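Participant: Sending over a structure as structure tokens; questions will come in a sec.
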Amino acid sequence: VITMIFAEGIGLYGMIVGMLLNGNAASSGCVVSYRFERPRLQSAALHWNAYCPGTSAAFFGAIGATLSTAGSISGAAYGIAKSSTGAAHLGIRNHAKLLRGTTPVVMAELLAVYGFVNSLIIALSLDSSKYTFFSGFLDLAAGTAVGFGCLASGLAIGTVGDACVRAYGKQDRVFVAMVLILIFAEALGLFSLIAGLLLHSTGTRGYHSCD
């Protein structure tokens, strides 16, 4: 039941981020239009004519939030699924150790929280009245960093969790080493979150009003 609750929770994070992005799109008061100008130097040019640049720049911020959510959820899902397999095996061998055996599952769930927090911050900052391409590009970088960082961390947690939980069923001393390894694997996602927050913070310096 615990593992199923965690697995269900990562889908909830994605739904919340999607609703926030949709809400920002619905509340935007700016309109984007496109026009073709007459050919110059024998080549046609497509010019981006936006009454408010924030609506165009917000595309990159939205992609960043999407990558952050998708990458972290994918990493968490793999970590939970792989670790839960080992936990189920542990429950057959020694059910008294089963609760401790869910430690990798809990740590994998935290990866989804990291991505959710980063995506939430990006989604709440998508204001078409002051959002710029500078902010959008840095939010895209922030989302990419967090998404791929949490994905890599989830792969490590899932692989280590499955192997160590099975070994813990045979040897109690493995538990301390398992927790230590999981902490280092979890730190990968935490480092990516810190980098993502710093990138987003730098991007906020590019905000300006859309006149």
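Starting from 1 in every chain, residues are counted up; chains themselves are A, B, ... following the order of the structure tokens, and ligands are numbered from 1 as listed.
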Contacts of A:Ala77 at 10 Å or less, counting only C-alpha atoms, minus same-chain residues fewer than 5 places along, as a VMD selection string?
Facilitator: chain A and resid 6 to 8 10 to 11 71 to 72 82 to 83 105 108 to 109 111 to 112 151 154 to 155 158
Participant: Only all heavy atoms, please: the residues just picked out, written as a compact mmCIF listing (two decimals), in the first residue's frame.
Facilitator:
```
# COMPACT_ATOMS: atom_id res chain seq x y z
N PHE A 6 2.87 6.11 -2.99
CA PHE A 6 3.95 6.92 -3.55
C PHE A 6 3.88 6.96 -5.07
O PHE A 6 4.12 8.00 -5.70
CB PHE A 6 5.30 6.38 -3.09
CG PHE A 6 5.62 6.69 -1.66
CD1 PHE A 6 6.27 5.76 -0.86
CD2 PHE A 6 5.28 7.90 -1.11
CE1 PHE A 6 6.57 6.05 0.46
CE2 PHE A 6 5.57 8.21 0.22
CZ PHE A 6 6.22 7.26 1.00
N ALA A 7 3.58 5.81 -5.67
CA ALA A 7 3.48 5.76 -7.13
C ALA A 7 2.32 6.62 -7.63
O ALA A 7 2.42 7.28 -8.67
CB ALA A 7 3.30 4.31 -7.59
N GLU A 8 1.23 6.64 -6.88
CA GLU A 8 0.09 7.47 -7.26
C GLU A 8 0.40 8.95 -7.08
O GLU A 8 -0.06 9.80 -7.84
CB GLU A 8 -1.12 7.09 -6.39
CG GLU A 8 -2.39 7.87 -6.69
CD GLU A 8 -3.03 7.47 -8.00
OE1 GLU A 8 -2.74 6.37 -8.49
OE2 GLU A 8 -3.83 8.27 -8.52
N ILE A 10 3.20 10.63 -7.55
CA ILE A 10 3.99 11.28 -8.60
C ILE A 10 3.11 11.69 -9.78
O ILE A 10 3.38 12.68 -10.46
CB ILE A 10 5.15 10.37 -9.07
CG1 ILE A 10 4.63 9.06 -9.64
CG2 ILE A 10 6.12 10.11 -7.94
CD1 ILE A 10 5.73 8.15 -10.16
N GLY A 11 2.04 10.94 -10.02
CA GLY A 11 1.09 11.36 -11.06
C GLY A 11 0.33 12.60 -10.65
O GLY A 11 0.00 13.45 -11.50
N GLY A 71 11.06 14.53 -16.27
CA GLY A 71 12.30 13.86 -15.90
C GLY A 71 12.30 13.36 -14.47
O GLY A 71 12.70 12.22 -14.20
N SER A 72 11.85 14.20 -13.55
CA SER A 72 11.85 13.80 -12.14
C SER A 72 10.83 12.69 -11.88
O SER A 72 11.10 11.76 -11.11
CB SER A 72 11.54 15.01 -11.25
OG SER A 72 10.26 15.55 -11.54
N LYS A 82 11.51 -0.30 -9.31
CA LYS A 82 12.65 -1.22 -9.14
C LYS A 82 12.85 -1.58 -7.68
O LYS A 82 13.07 -2.75 -7.33
CB LYS A 82 13.90 -0.56 -9.70
CG LYS A 82 15.11 -1.47 -9.81
CD LYS A 82 14.96 -2.46 -10.93
CE LYS A 82 16.25 -3.24 -11.15
NZ LYS A 82 16.10 -4.29 -12.17
N SER A 83 12.77 -0.59 -6.79
CA SER A 83 12.97 -0.84 -5.36
C SER A 83 11.84 -1.67 -4.77
O SER A 83 12.05 -2.49 -3.88
CB SER A 83 13.10 0.48 -4.60
OG SER A 83 14.19 1.23 -5.07
N VAL A 105 12.24 3.31 -1.63
CA VAL A 105 11.00 3.81 -2.23
C VAL A 105 10.73 5.24 -1.77
O VAL A 105 10.36 6.11 -2.57
CB VAL A 105 9.81 2.89 -1.85
CG1 VAL A 105 8.51 3.44 -2.41
CG2 VAL A 105 10.06 1.48 -2.35
N ALA A 108 13.17 7.58 -3.47
CA ALA A 108 12.83 7.79 -4.87
C ALA A 108 11.67 8.77 -5.01
O ALA A 108 11.62 9.57 -5.94
CB ALA A 108 12.48 6.46 -5.53
N GLU A 109 10.74 8.73 -4.07
CA GLU A 109 9.60 9.65 -4.10
C GLU A 109 10.05 11.09 -3.96
O GLU A 109 9.46 12.00 -4.55
CB GLU A 109 8.63 9.29 -2.97
CG GLU A 109 7.49 10.26 -2.76
CD GLU A 109 6.48 10.23 -3.89
OE1 GLU A 109 6.48 9.26 -4.66
OE2 GLU A 109 5.67 11.18 -3.97
N LEU A 111 12.49 12.51 -5.27
CA LEU A 111 12.92 13.04 -6.56
C LEU A 111 11.75 13.71 -7.28
O LEU A 111 11.92 14.75 -7.92
CB LEU A 111 13.48 11.92 -7.43
CG LEU A 111 14.72 11.21 -6.89
CD1 LEU A 111 15.12 10.06 -7.82
CD2 LEU A 111 15.87 12.19 -6.72
N ALA A 112 10.57 13.11 -7.18
CA ALA A 112 9.38 13.72 -7.78
C ALA A 112 9.06 15.04 -7.10
O ALA A 112 8.60 15.99 -7.75
CB ALA A 112 8.20 12.77 -7.70
N LEU A 151 16.32 12.23 -13.01
CA LEU A 151 16.22 10.98 -13.76
C LEU A 151 17.43 10.09 -13.49
O LEU A 151 17.29 8.88 -13.24
CB LEU A 151 16.12 11.28 -15.26
CG LEU A 151 16.05 10.07 -16.20
CD1 LEU A 151 14.84 9.20 -15.89
CD2 LEU A 151 16.02 10.54 -17.66
N GLY A 154 17.20 8.74 -9.99
CA GLY A 154 16.22 7.67 -9.88
C GLY A 154 16.75 6.34 -10.40
O GLY A 154 16.46 5.28 -9.82
N LEU A 155 17.52 6.40 -11.48
CA LEU A 155 18.13 5.17 -12.00
C LEU A 155 19.08 4.56 -10.98
O LEU A 155 19.12 3.34 -10.80
CB LEU A 155 18.86 5.47 -13.31
CG LEU A 155 18.00 5.91 -14.50
CD1 LEU A 155 18.87 6.29 -15.69
CD2 LEU A 155 17.03 4.80 -14.90
N GLY A 158 17.00 3.16 -7.92
CA GLY A 158 16.30 1.93 -8.26
C GLY A 158 17.23 0.73 -8.33
O GLY A 158 16.93 -0.34 -7.79
```
Participant: Tell me, as a list in words, which residues lie within 10 Å of A:Arg205, counting only C-alpha atoms; anything in the same chain fewer than 6 positions away does not count.
Facilitator: Thr132, Phe134 and Ser135 of chain A
Participant: Could you pull the residues within 10 Å of stretch 89-95 of chain A, counting only C-alpha atoms, minus those fewer than 5 positions along the same chain, as a PyMOL selection string?
Facilitator: chain A and resi 83-84+100-102+162+165-170
Participant: Excluding stretch 60-65 of chain A and any residue of its chain fewer than 6 positions from it, enumerate the residues within 6 Å of it, using only C-alpha atoms, and give them as a VMD selection string.
Facilitator: chain A and resid 119 136 139 to 140 143
Participant: Output C-alpha atoms of each residue in that selection to a file, as a PDB file, in the first residue's frame.
Facilitator:
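Just written: part_24.pdb:
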```
ATOM      1  CA  SER A 119       8.203  23.166 -11.967  1.00  0.00           C
ATOM      2  CA  GLY A 136      12.507  31.754 -20.651  1.00  0.00           C
ATOM      3  CA  ASP A 139      13.940  28.503 -16.990  1.00  0.00           C
ATOM      4  CA  LEU A 140      14.364  26.010 -19.830  1.00  0.00           C
ATOM      5  CA  GLY A 143      13.978  22.523 -15.978  1.00  0.00           C
TER       6      GLY A 143
END
```
Participant: Rounded to one decimal place, report the atom CA of A:Ser192-atom CA of A:Ser56 distance in Å.
Facilitator: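 Computed distance, atom CA of A:Ser192 to atom CA of A:Ser56, equals 26.4 Å.
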Participant: Just list the residues in stretch 12-204 of chain A DSSP gives helix (DSSP H, G or I) on the backbone, as number ranges by chain.
Facilitator: A: 12-27, 53-93, 95-101, 103-124, 133-168, 174-204
Participant: Could you work out how far atom CA of A:Leu188 lies from atom CA of A:Phe133, giving the answer in Å with one decimal?
Facilitator: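 Interatomic distance, atom CA of A:Phe133 to atom CA of A:Leu188: 28.5 Å.
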Participant: Work out how far apart atom CA of A:Val174 and atom CA of A:Gly75 are and give it in Å to one decimal.
Facilitator: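 Between atom CA of A:Val174 and atom CA of A:Gly75 the gap works out to 24.0 Å.
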Participant: Excluding A:Phe116 and residues on its chain fewer than 5 positions from it, collect all residues at most 12 Å away from it, counting only C-alpha atoms, and give them as an NGL selection string.
Facilitator: :A and (9-18 or 20 or 64-73 or 76 or 109-111 or 121-124 or 143 or 146-147 or 150 or 193 or 196)
